[in-house]
Every structure is written in C-alpha cells, then in structure tokens.
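This is work_22.cif (mmCIF, C-alpha atoms; chains and numbers go by the auth columns).
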data_data
#
loop_
_atom_site.group_PDB
_atom_site.id
_atom_site.type_symbol
_atom_site.label_atom_id
_atom_site.label_comp_id
_atom_site.label_asym_id
_atom_site.label_seq_id
_atom_site.Cartn_x
_atom_site.Cartn_y
_atom_site.Cartn_z
_atom_site.B_iso_or_equiv
_atom_site.auth_seq_id
_atom_site.auth_asym_id
ATOM 1 C CA MET A 1 -9.227 -16.013 -0.556 0.00 1 A
ATOM 2 C CA GLU A 2 -12.305 -14.291 0.778 0.00 2 A
ATOM 3 C CA PRO A 3 -12.159 -10.518 1.495 0.00 3 A
ATOM 4 C CA GLU A 4 -12.682 -11.159 5.230 0.00 4 A
ATOM 5 C CA ILE A 5 -9.567 -13.333 5.348 0.00 5 A
ATOM 6 C CA TRP A 6 -7.489 -10.679 3.550 0.00 6 A
ATOM 7 C CA GLN A 7 -8.796 -8.012 5.917 0.00 7 A
ATOM 8 C CA GLY A 8 -8.146 -10.138 9.004 0.00 8 A
ATOM 9 C CA LEU A 9 -4.573 -10.781 7.946 0.00 9 A
ATOM 10 C CA ARG A 10 -4.047 -7.091 7.171 0.00 10 A
ATOM 11 C CA GLU A 11 -5.368 -6.096 10.604 0.00 11 A
ATOM 12 C CA THR A 12 -2.840 -8.428 12.252 0.00 12 A
ATOM 13 C CA TYR A 13 -0.126 -6.060 11.022 0.00 13 A
ATOM 14 C CA ARG A 14 -1.898 -2.759 11.649 0.00 14 A
ATOM 15 C CA PRO A 15 0.202 -0.475 13.883 0.00 15 A
ATOM 16 C CA GLN A 16 -1.412 1.399 16.770 0.00 16 A
ATOM 17 C CA GLN A 17 -0.316 4.647 15.140 0.00 17 A
ATOM 18 C CA ILE A 18 -0.002 4.651 11.354 0.00 18 A
ATOM 19 C CA LYS A 19 2.737 7.071 10.358 0.00 19 A
ATOM 20 C CA THR A 20 2.978 6.159 6.683 0.00 20 A
ATOM 21 C CA LEU A 21 0.086 4.575 4.822 0.00 21 A
ATOM 22 C CA PHE A 22 0.571 2.831 1.496 0.00 22 A
ATOM 23 C CA VAL A 23 -2.633 2.827 -0.584 0.00 23 A
ATOM 24 C CA ALA A 24 -2.939 0.303 -3.404 0.00 24 A
ATOM 25 C CA GLU A 25 -5.998 -0.399 -5.539 0.00 25 A
ATOM 26 C CA SER A 26 -7.482 -3.616 -4.146 0.00 26 A
ATOM 27 C CA PRO A 27 -6.628 -7.099 -2.924 0.00 27 A
ATOM 28 C CA SER A 28 -5.580 -9.611 -5.557 0.00 28 A
ATOM 29 C CA THR A 29 -8.054 -12.102 -6.981 0.00 29 A
ATOM 30 C CA GLY A 30 -5.515 -14.905 -6.569 0.00 30 A
ATOM 31 C CA GLN A 31 -3.344 -16.159 -3.750 0.00 31 A
ATOM 32 C CA ARG A 32 -0.900 -13.231 -3.875 0.00 32 A
ATOM 33 C CA PHE A 33 -1.149 -10.696 -1.074 0.00 33 A
ATOM 34 C CA PHE A 34 1.224 -8.152 0.443 0.00 34 A
ATOM 35 C CA TYR A 35 0.633 -9.448 3.964 0.00 35 A
ATOM 36 C CA LEU A 36 1.435 -13.005 2.871 0.00 36 A
ATOM 37 C CA GLY A 37 4.795 -11.702 1.674 0.00 37 A
ATOM 38 C CA ASN A 38 4.347 -13.199 -1.783 0.00 38 A
ATOM 39 C CA SER A 39 3.218 -10.365 -4.059 0.00 39 A
ATOM 40 C CA GLN A 40 5.050 -8.111 -6.502 0.00 40 A
ATOM 41 C CA LEU A 41 4.222 -5.143 -4.303 0.00 41 A
ATOM 42 C CA PHE A 42 5.751 -6.891 -1.293 0.00 42 A
ATOM 43 C CA ARG A 43 8.876 -7.858 -3.238 0.00 43 A
ATOM 44 C CA PHE A 44 9.680 -4.367 -4.490 0.00 44 A
ATOM 45 C CA THR A 45 8.667 -2.643 -1.249 0.00 45 A
ATOM 46 C CA TYR A 46 11.000 -4.970 0.656 0.00 46 A
ATOM 47 C CA GLN A 47 13.758 -4.216 -1.865 0.00 47 A
ATOM 48 C CA ALA A 48 13.466 -0.465 -1.193 0.00 48 A
ATOM 49 C CA PHE A 49 13.438 -0.923 2.583 0.00 49 A
ATOM 50 C CA VAL A 50 16.531 -3.141 2.481 0.00 50 A
ATOM 51 C CA ARG A 51 18.277 -0.610 0.256 0.00 51 A
ATOM 52 C CA VAL A 52 17.723 2.117 2.869 0.00 52 A
ATOM 53 C CA PHE A 53 17.679 0.292 6.221 0.00 53 A
ATOM 54 C CA GLY A 54 19.697 -2.846 5.527 0.00 54 A
ATOM 55 C CA ASN A 55 19.200 -6.096 7.391 0.00 55 A
ATOM 56 C CA LYS A 56 17.433 -4.528 10.358 0.00 56 A
ATOM 57 C CA VAL A 57 14.178 -4.830 8.373 0.00 57 A
ATOM 58 C CA GLY A 58 14.401 -8.622 8.718 0.00 58 A
ATOM 59 C CA GLN A 59 15.362 -11.496 6.482 0.00 59 A
ATOM 60 C CA THR A 60 12.004 -13.255 6.076 0.00 60 A
ATOM 61 C CA PRO A 61 8.630 -11.887 4.980 0.00 61 A
ATOM 62 C CA GLN A 62 7.227 -12.278 8.508 0.00 62 A
ATOM 63 C CA GLU A 63 10.215 -10.488 10.087 0.00 63 A
ATOM 64 C CA PHE A 64 9.848 -7.651 7.594 0.00 64 A
ATOM 65 C CA LEU A 65 6.090 -7.347 8.100 0.00 65 A
ATOM 66 C CA LEU A 66 6.556 -7.128 11.878 0.00 66 A
ATOM 67 C CA TRP A 67 9.290 -4.503 11.474 0.00 67 A
ATOM 68 C CA PHE A 68 7.099 -2.628 8.956 0.00 68 A
ATOM 69 C CA GLN A 69 4.303 -2.584 11.550 0.00 69 A
ATOM 70 C CA GLN A 70 6.570 -1.571 14.453 0.00 70 A
ATOM 71 C CA GLN A 71 7.845 1.412 12.466 0.00 71 A
ATOM 72 C CA GLY A 72 4.300 2.685 11.793 0.00 72 A
ATOM 73 C CA PHE A 73 3.921 1.562 8.171 0.00 73 A
ATOM 74 C CA PHE A 74 0.674 0.059 6.912 0.00 74 A
ATOM 75 C CA LEU A 75 -0.764 -0.968 3.558 0.00 75 A
ATOM 76 C CA ASP A 76 -4.453 -0.566 2.848 0.00 76 A
ATOM 77 C CA ASN A 77 -6.429 -0.492 -0.384 0.00 77 A
ATOM 78 C CA LEU A 78 -8.790 1.963 -1.968 0.00 78 A
ATOM 79 C CA ALA A 79 -11.243 -0.905 -2.489 0.00 79 A
ATOM 80 C CA CYS A 80 -11.701 -3.607 0.134 0.00 80 A
ATOM 81 C CA GLU A 81 -12.654 -6.198 -2.487 0.00 81 A
ATOM 82 C CA SER A 82 -10.834 -7.120 -5.657 0.00 82 A
ATOM 83 C CA ILE A 83 -11.601 -4.855 -8.615 0.00 83 A
ATOM 84 C CA GLY A 84 -8.501 -5.395 -10.757 0.00 84 A
ATOM 85 C CA TYR A 85 -10.250 -7.980 -12.936 0.00 85 A
ATOM 86 C CA LEU A 86 -13.064 -5.607 -13.987 0.00 86 A
ATOM 87 C CA LYS A 87 -13.346 -3.957 -17.399 0.00 87 A
ATOM 88 C CA GLU A 88 -11.764 -0.494 -17.319 0.00 88 A
ATOM 89 C CA SER A 89 -15.065 1.454 -17.183 0.00 89 A
ATOM 90 C CA GLU A 90 -16.389 -0.770 -14.375 0.00 90 A
ATOM 91 C CA ARG A 91 -13.078 -0.519 -12.571 0.00 91 A
ATOM 92 C CA GLN A 92 -13.232 3.283 -12.685 0.00 92 A
ATOM 93 C CA GLN A 93 -16.788 3.229 -11.319 0.00 93 A
ATOM 94 C CA ALA A 94 -15.726 0.865 -8.537 0.00 94 A
ATOM 95 C CA ARG A 95 -12.822 3.148 -7.616 0.00 95 A
ATOM 96 C CA ILE A 96 -15.228 6.076 -7.313 0.00 96 A
ATOM 97 C CA ARG A 97 -17.644 4.028 -5.172 0.00 97 A
ATOM 98 C CA TRP A 98 -14.845 3.139 -2.722 0.00 98 A
ATOM 99 C CA ILE A 99 -13.670 6.751 -2.137 0.00 99 A
ATOM 100 C CA PRO A 100 -16.012 7.355 0.870 0.00 100 A
ATOM 101 C CA SER A 101 -14.875 4.121 2.524 0.00 101 A
ATOM 102 C CA LEU A 102 -11.225 5.089 2.123 0.00 102 A
ATOM 103 C CA ALA A 103 -12.010 8.574 3.437 0.00 103 A
ATOM 104 C CA ASP A 104 -13.511 7.057 6.596 0.00 104 A
ATOM 105 C CA ARG A 105 -10.417 4.912 7.112 0.00 105 A
ATOM 106 C CA LEU A 106 -8.096 7.860 6.472 0.00 106 A
ATOM 107 C CA ALA A 107 -9.955 9.959 9.049 0.00 107 A
ATOM 108 C CA GLN A 108 -9.403 7.145 11.537 0.00 108 A
ATOM 109 C CA TYR A 109 -5.744 6.457 10.619 0.00 109 A
ATOM 110 C CA ARG A 110 -4.618 10.106 10.275 0.00 110 A
ATOM 111 C CA PRO A 111 -1.253 9.218 8.702 0.00 111 A
ATOM 112 C CA ALA A 112 1.485 11.826 8.356 0.00 112 A
ATOM 113 C CA SER A 113 2.352 10.442 4.900 0.00 113 A
ATOM 114 C CA ILE A 114 0.499 8.544 2.214 0.00 114 A
ATOM 115 C CA ILE A 115 2.182 6.635 -0.580 0.00 115 A
ATOM 116 C CA VAL A 116 -0.218 6.046 -3.466 0.00 116 A
ATOM 117 C CA VAL A 117 0.841 2.842 -5.195 0.00 117 A
ATOM 118 C CA MET A 118 -0.486 3.324 -8.725 0.00 118 A
ATOM 119 C CA LYS A 119 -0.553 6.590 -10.583 0.00 119 A
ATOM 120 C CA GLY A 120 -4.117 5.910 -11.756 0.00 120 A
ATOM 121 C CA LEU A 121 -5.308 6.125 -8.139 0.00 121 A
ATOM 122 C CA GLU A 122 -3.973 9.606 -7.436 0.00 122 A
ATOM 123 C CA HIS A 123 -7.285 11.402 -8.061 0.00 123 A
ATOM 124 C CA HIS A 124 -9.300 8.897 -6.017 0.00 124 A
ATOM 125 C CA VAL A 125 -6.942 9.016 -3.036 0.00 125 A
ATOM 126 C CA THR A 126 -6.770 12.820 -3.227 0.00 126 A
ATOM 127 C CA GLN A 127 -10.585 12.953 -3.061 0.00 127 A
ATOM 128 C CA ALA A 128 -10.593 10.621 -0.054 0.00 128 A
ATOM 129 C CA ILE A 129 -7.967 12.805 1.673 0.00 129 A
ATOM 130 C CA LEU A 130 -10.120 15.891 1.118 0.00 130 A
ATOM 131 C CA TYR A 131 -13.229 14.141 2.466 0.00 131 A
ATOM 132 C CA ALA A 132 -11.253 12.904 5.493 0.00 132 A
ATOM 133 C CA GLY A 133 -10.092 16.442 6.291 0.00 133 A
ATOM 134 C CA ILE A 134 -6.448 15.476 6.719 0.00 134 A
ATOM 135 C CA THR A 135 -3.278 17.007 5.264 0.00 135 A
ATOM 136 C CA PRO A 136 -0.650 14.288 4.856 0.00 136 A
ATOM 137 C CA TYR A 137 2.432 14.417 2.684 0.00 137 A
ATOM 138 C CA VAL A 138 1.515 12.455 -0.483 0.00 138 A
ATOM 139 C CA LEU A 139 3.886 10.539 -2.744 0.00 139 A
ATOM 140 C CA VAL A 140 2.533 8.896 -5.910 0.00 140 A
ATOM 141 C CA LEU A 141 4.464 5.981 -7.374 0.00 141 A
ATOM 142 C CA PRO A 142 3.744 3.557 -10.223 0.00 142 A
ATOM 143 C CA PHE A 143 2.629 0.065 -9.324 0.00 143 A
ATOM 144 C CA PRO A 144 5.809 -2.048 -9.546 0.00 144 A
ATOM 145 C CA THR A 145 4.700 -4.505 -12.187 0.00 145 A
ATOM 146 C CA ARG A 146 4.586 -5.077 -15.924 0.00 146 A
ATOM 147 C CA THR A 147 7.760 -3.183 -16.809 0.00 147 A
ATOM 148 C CA TYR A 148 11.259 -3.020 -15.424 0.00 148 A
ATOM 149 C CA HIS A 149 10.958 0.783 -15.649 0.00 149 A
ATOM 150 C CA ASN A 150 7.937 0.875 -13.292 0.00 150 A
ATOM 151 C CA GLN A 151 9.700 -1.465 -10.883 0.00 151 A
ATOM 152 C CA GLN A 152 12.800 0.739 -10.792 0.00 152 A
ATOM 153 C CA VAL A 153 10.833 3.993 -10.502 0.00 153 A
ATOM 154 C CA TYR A 154 8.891 2.480 -7.593 0.00 154 A
ATOM 155 C CA VAL A 155 11.985 1.212 -5.752 0.00 155 A
ATOM 156 C CA ASP A 156 13.953 4.409 -6.390 0.00 156 A
ATOM 157 C CA GLY A 157 11.081 6.718 -5.402 0.00 157 A
ATOM 158 C CA LEU A 158 10.260 4.755 -2.278 0.00 158 A
ATOM 159 C CA SER A 159 13.952 4.570 -1.348 0.00 159 A
ATOM 160 C CA GLN A 160 14.285 8.351 -1.652 0.00 160 A
ATOM 161 C CA PHE A 161 11.249 8.837 0.578 0.00 161 A
ATOM 162 C CA LEU A 162 12.504 6.331 3.167 0.00 162 A
ATOM 163 C CA ALA A 163 15.962 7.917 3.257 0.00 163 A
ATOM 164 C CA THR A 164 14.361 11.056 4.708 0.00 164 A
ATOM 165 C CA ARG A 165 12.816 9.095 7.624 0.00 165 A
ATOM 166 C CA LYS A 166 14.578 8.441 10.882 0.00 166 A
ATOM 167 C CA VAL A 167 14.011 4.799 11.831 0.00 167 A
#
Structure rendered as structure tokens:
Amino acid sequence: MEPEIWQGLRETYRPQQIKTLFVAESPSTGQRFFYLGNSQLFRFTYQAFVRVFGNKVGQTPQEFLLWFQQQGFFLDNLACESIGYLKESERQQARIRWIPSLADRLAQYRPASIIVVMKGLEHHVTQAILYAGITPYVLVLPFPTRTYHNQQVYVDGLSQFLATRKV
C-alpha cells in the first residue's frame, strides 16, 4: 500500500485528544498494518488490552480499533514511510531524519503517555520529545516479534501500564 493510504486509514482512528500514543518505527512494506487489524503489533496489543479490560474492548479488529480510539489511544510511527527493509546503517540515518517530523506531531498531539514500541527507537523518540517541549510519561517495550520472550515482555509490560489506567 502507498504511504498516503496508510496515513488516511490511521487518521480515521485518530482520537480528538490523544492520551496515550504508541510510537512504532514505520509502516510495513507489505499488507500488514495495525489499523487493518492484521499485524503482529495489533495482535499482541489486543492481547494486552483484553487481559486488562476484558471483552469491553470489542471482539473484532474494527470494534477494538474504535474502542482504542474512544479511550484516547493512538498509534503513530517515527517514520511516515517504510524503513524496515533498509540496511542497518541506512535505517539508522532514516530514523534520525524523521525525528523532526515526529517532534512536530508530538507537539500537536501532546500525549500524557508515550509507549515506544521497539527498544532501538528509545533515543530517537526521546529526542523528538525534547524538541517538542513536552513531558509525557514514557514506557519503552520491545517490538512483539521474532521471539516468544519479546512477545511476552511486550504483553506483560503493556498490561502493567494499562492496569494503572482508569477506563
């Protein structure tokens, strides 16, 4: 899919007031996307929400995404175009190039909390937060892929965070 299509779909689910912002690296190069309800990130995020809030989060991807939006949650990316396929040095350069763009979005969103979804993004998101002049609570979790350990650490960490929220 083209970046404009990803962005349009994402904006469909953008809450008026973003309370908690999830920041991942970039959209997928394939047909998997959080806001289509068919990605690994969606699957494990949904798992954590169901663990904490039960069935009120919805039973289908669309029901969950609407509930997610209504509760002030939103997922955005550091980079607005796919960079996951790049060689590591190019990927690092791309992450650095996208920091000002994320900072602009953070200044607009002004979330109370940010969940960084990939430990390798912590520095980049921290820089964007500083440039945006905001002071959110920040939680850094591993991207829930590749290993069962990362998946469990993500679900457990997100569940612990969500358990402290009143929804």
- prompt: Could you state the separation of atom CA of Gln40 of chain A and atom CA of Pro142 of chain A in Å, given to one decimal place?
  reply: 12.3 Å
message: Please compute the atom CA of Met118 of chain A-atom CA of Phe143 of chain A distance, one decimal, in Å.
response: 4.5 Å
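Of the listed residues (A:Ser101, A:Gln31, A:Ser113, A:Gln92), A:Ser101 comes nearest to Ala128 of chain A; the distances count all atoms listed in the file.
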task: Check the smallest atom-to-atom distance from each of A:Asn38, A:Ser82, A:Asn150, A:Gln71 to Arg14 of chain A using only C-alpha atoms, then report the winner.
output: A:Gln71
- request: Quick one: everything within 10 Å of Gln16 of chain A, counting only C-alpha atoms, minus sequence neighbours fewer than 2 positions away in the same chain. Send it as a PyMOL selection string.
  value: chain A and resi 13-14+18-19+69-70+72+109
statement: Residue with the minimum atom-to-atom distance to Arg91 of chain A, picked from A:Val57, A:Leu78, A:Ile129, A:Leu21 with only C-alpha atoms counted, is A:Leu78
task: Tell me which protein, DNA and RNA residues are within 10 Å of Ala94 of chain A, counting only C-alpha atoms, leaving out same-chain ones fewer than 6 positions away, and put them as a list in words.
output: Leu78, Ala79, Glu81, Ser82, Ile83, Gly84, Leu86 and Glu88 of chain A
task: Taking the file as shown, find all residues satisfying the PyMOL selection byres ((chain A and resi 121) around 12) and write them as a PyMOL selection string.
output: chain A and resi 22-26+77-79+91-92+94-96+98-99+102+115-120+122-128+139-143
task: Could you jot down the atom CA of Ile114 of chain A to atom CA of Phe42 of chain A separation for me, Å, one decimal place?
output: 16.7 Å
- request: Could you expand the PyMOL selection byres ((chain A and resi 34) around 12) into the explicit residues it covers here, written as JSON, numbers by chain?
  value: {"A": [6, 7, 9, 10, 13, 22, 23, 24, 26, 27, 28, 30, 31, 32, 33, 35, 36, 37, 38, 39, 40, 41, 42, 43, 44, 45, 46, 61, 62, 64, 65, 68, 74, 75, 76, 77]}
task: Pull out every residue that the PyMOL selection byres ((chain A and resi 133) around 12) matches in the shown coordinates and put them as a ChimeraX atom specification.
output: /A:103-111,126-132,134-136
- prompt: Could you name the residues that touch segment 160-162 of chain A at 10 Å or less, counting all atoms listed in the file, but leaving out those on the same chain fewer than 5 positions away, as a list of chain:residue names?
  reply: A:Ala48, A:Phe49, A:Arg51, A:Val52, A:Phe53, A:Ile115, A:Leu139, A:Tyr154, A:Val155, A:Val167
Please produce segment 33-55 of chain A, completed to N, CA, C and O atoms, as a tab-separated table (two decimals), keeping the file's coordinate frame.
chain	number	residue	atom	x	y	z
A	33	PHE	N	-0.68	-11.75	-1.98
A	33	PHE	CA	-1.15	-10.70	-1.07
A	33	PHE	C	0.05	-10.13	-0.34
A	33	PHE	O	0.93	-10.88	0.10
A	34	PHE	N	0.10	-8.81	-0.22
A	34	PHE	CA	1.22	-8.15	0.44
A	34	PHE	C	1.50	-8.77	1.81
A	34	PHE	O	2.64	-9.08	2.16
A	35	TYR	N	0.45	-8.96	2.60
A	35	TYR	CA	0.63	-9.45	3.96
A	35	TYR	C	0.86	-10.96	4.05
A	35	TYR	O	1.02	-11.49	5.15
A	36	LEU	N	0.93	-11.63	2.92
A	36	LEU	CA	1.44	-13.00	2.87
A	36	LEU	C	2.92	-12.99	2.48
A	36	LEU	O	3.58	-14.02	2.53
A	37	GLY	N	3.39	-11.83	2.07
A	37	GLY	CA	4.80	-11.70	1.67
A	37	GLY	C	5.11	-12.36	0.35
A	37	GLY	O	6.26	-12.71	0.09
A	38	ASN	N	4.12	-12.48	-0.53
A	38	ASN	CA	4.35	-13.20	-1.78
A	38	ASN	C	3.90	-12.44	-3.03
A	38	ASN	O	3.73	-13.02	-4.10
A	39	SER	N	3.70	-11.14	-2.91
A	39	SER	CA	3.22	-10.36	-4.06
A	39	SER	C	4.34	-9.51	-4.65
A	39	SER	O	5.38	-9.29	-4.02
A	40	GLN	N	4.11	-9.04	-5.87
A	40	GLN	CA	5.05	-8.11	-6.50
A	40	GLN	C	5.23	-6.86	-5.64
A	40	GLN	O	6.35	-6.38	-5.47
A	41	LEU	N	4.14	-6.35	-5.13
A	41	LEU	CA	4.22	-5.14	-4.30
A	41	LEU	C	5.09	-5.40	-3.07
A	41	LEU	O	5.93	-4.58	-2.71
A	42	PHE	N	4.91	-6.55	-2.45
A	42	PHE	CA	5.75	-6.89	-1.29
A	42	PHE	C	7.21	-6.94	-1.72
A	42	PHE	O	8.08	-6.36	-1.07
A	43	ARG	N	7.49	-7.66	-2.79
A	43	ARG	CA	8.88	-7.86	-3.24
A	43	ARG	C	9.62	-6.55	-3.46
A	43	ARG	O	10.74	-6.36	-2.98
A	44	PHE	N	8.99	-5.61	-4.17
A	44	PHE	CA	9.68	-4.37	-4.49
A	44	PHE	C	9.67	-3.37	-3.32
A	44	PHE	O	10.59	-2.57	-3.19
A	45	THR	N	8.67	-3.46	-2.47
A	45	THR	CA	8.67	-2.64	-1.25
A	45	THR	C	9.80	-3.11	-0.34
A	45	THR	O	10.57	-2.29	0.17
A	46	TYR	N	9.92	-4.40	-0.17
A	46	TYR	CA	11.00	-4.97	0.66
A	46	TYR	C	12.36	-4.55	0.10
A	46	TYR	O	13.26	-4.16	0.85
A	47	GLN	N	12.50	-4.60	-1.22
A	47	GLN	CA	13.76	-4.22	-1.86
A	47	GLN	C	14.15	-2.78	-1.50
A	47	GLN	O	15.31	-2.49	-1.18
A	48	ALA	N	13.19	-1.86	-1.53
A	48	ALA	CA	13.47	-0.46	-1.19
A	48	ALA	C	13.84	-0.32	0.28
A	48	ALA	O	14.77	0.43	0.62
A	49	PHE	N	13.14	-1.01	1.15
A	49	PHE	CA	13.44	-0.92	2.58
A	49	PHE	C	14.83	-1.47	2.90
A	49	PHE	O	15.56	-0.88	3.69
A	50	VAL	N	15.19	-2.58	2.26
A	50	VAL	CA	16.53	-3.14	2.48
A	50	VAL	C	17.59	-2.19	1.95
A	50	VAL	O	18.63	-1.99	2.59
A	51	ARG	N	17.32	-1.57	0.83
A	51	ARG	CA	18.28	-0.61	0.26
A	51	ARG	C	18.57	0.51	1.26
A	51	ARG	O	19.71	0.95	1.40
A	52	VAL	N	17.55	0.98	1.96
A	52	VAL	CA	17.72	2.12	2.87
A	52	VAL	C	18.12	1.70	4.28
A	52	VAL	O	18.99	2.31	4.89
A	53	PHE	N	17.49	0.65	4.81
A	53	PHE	CA	17.68	0.29	6.22
A	53	PHE	C	18.52	-0.96	6.45
A	53	PHE	O	18.81	-1.31	7.60
A	54	GLY	N	18.87	-1.66	5.39
A	54	GLY	CA	19.70	-2.85	5.53
A	54	GLY	C	18.97	-4.00	6.20
A	54	GLY	O	17.74	-4.08	6.17
A	55	ASN	N	19.74	-4.86	6.82
A	55	ASN	CA	19.20	-6.10	7.39
A	55	ASN	C	18.30	-5.89	8.60
A	55	ASN	O	17.63	-6.84	9.01
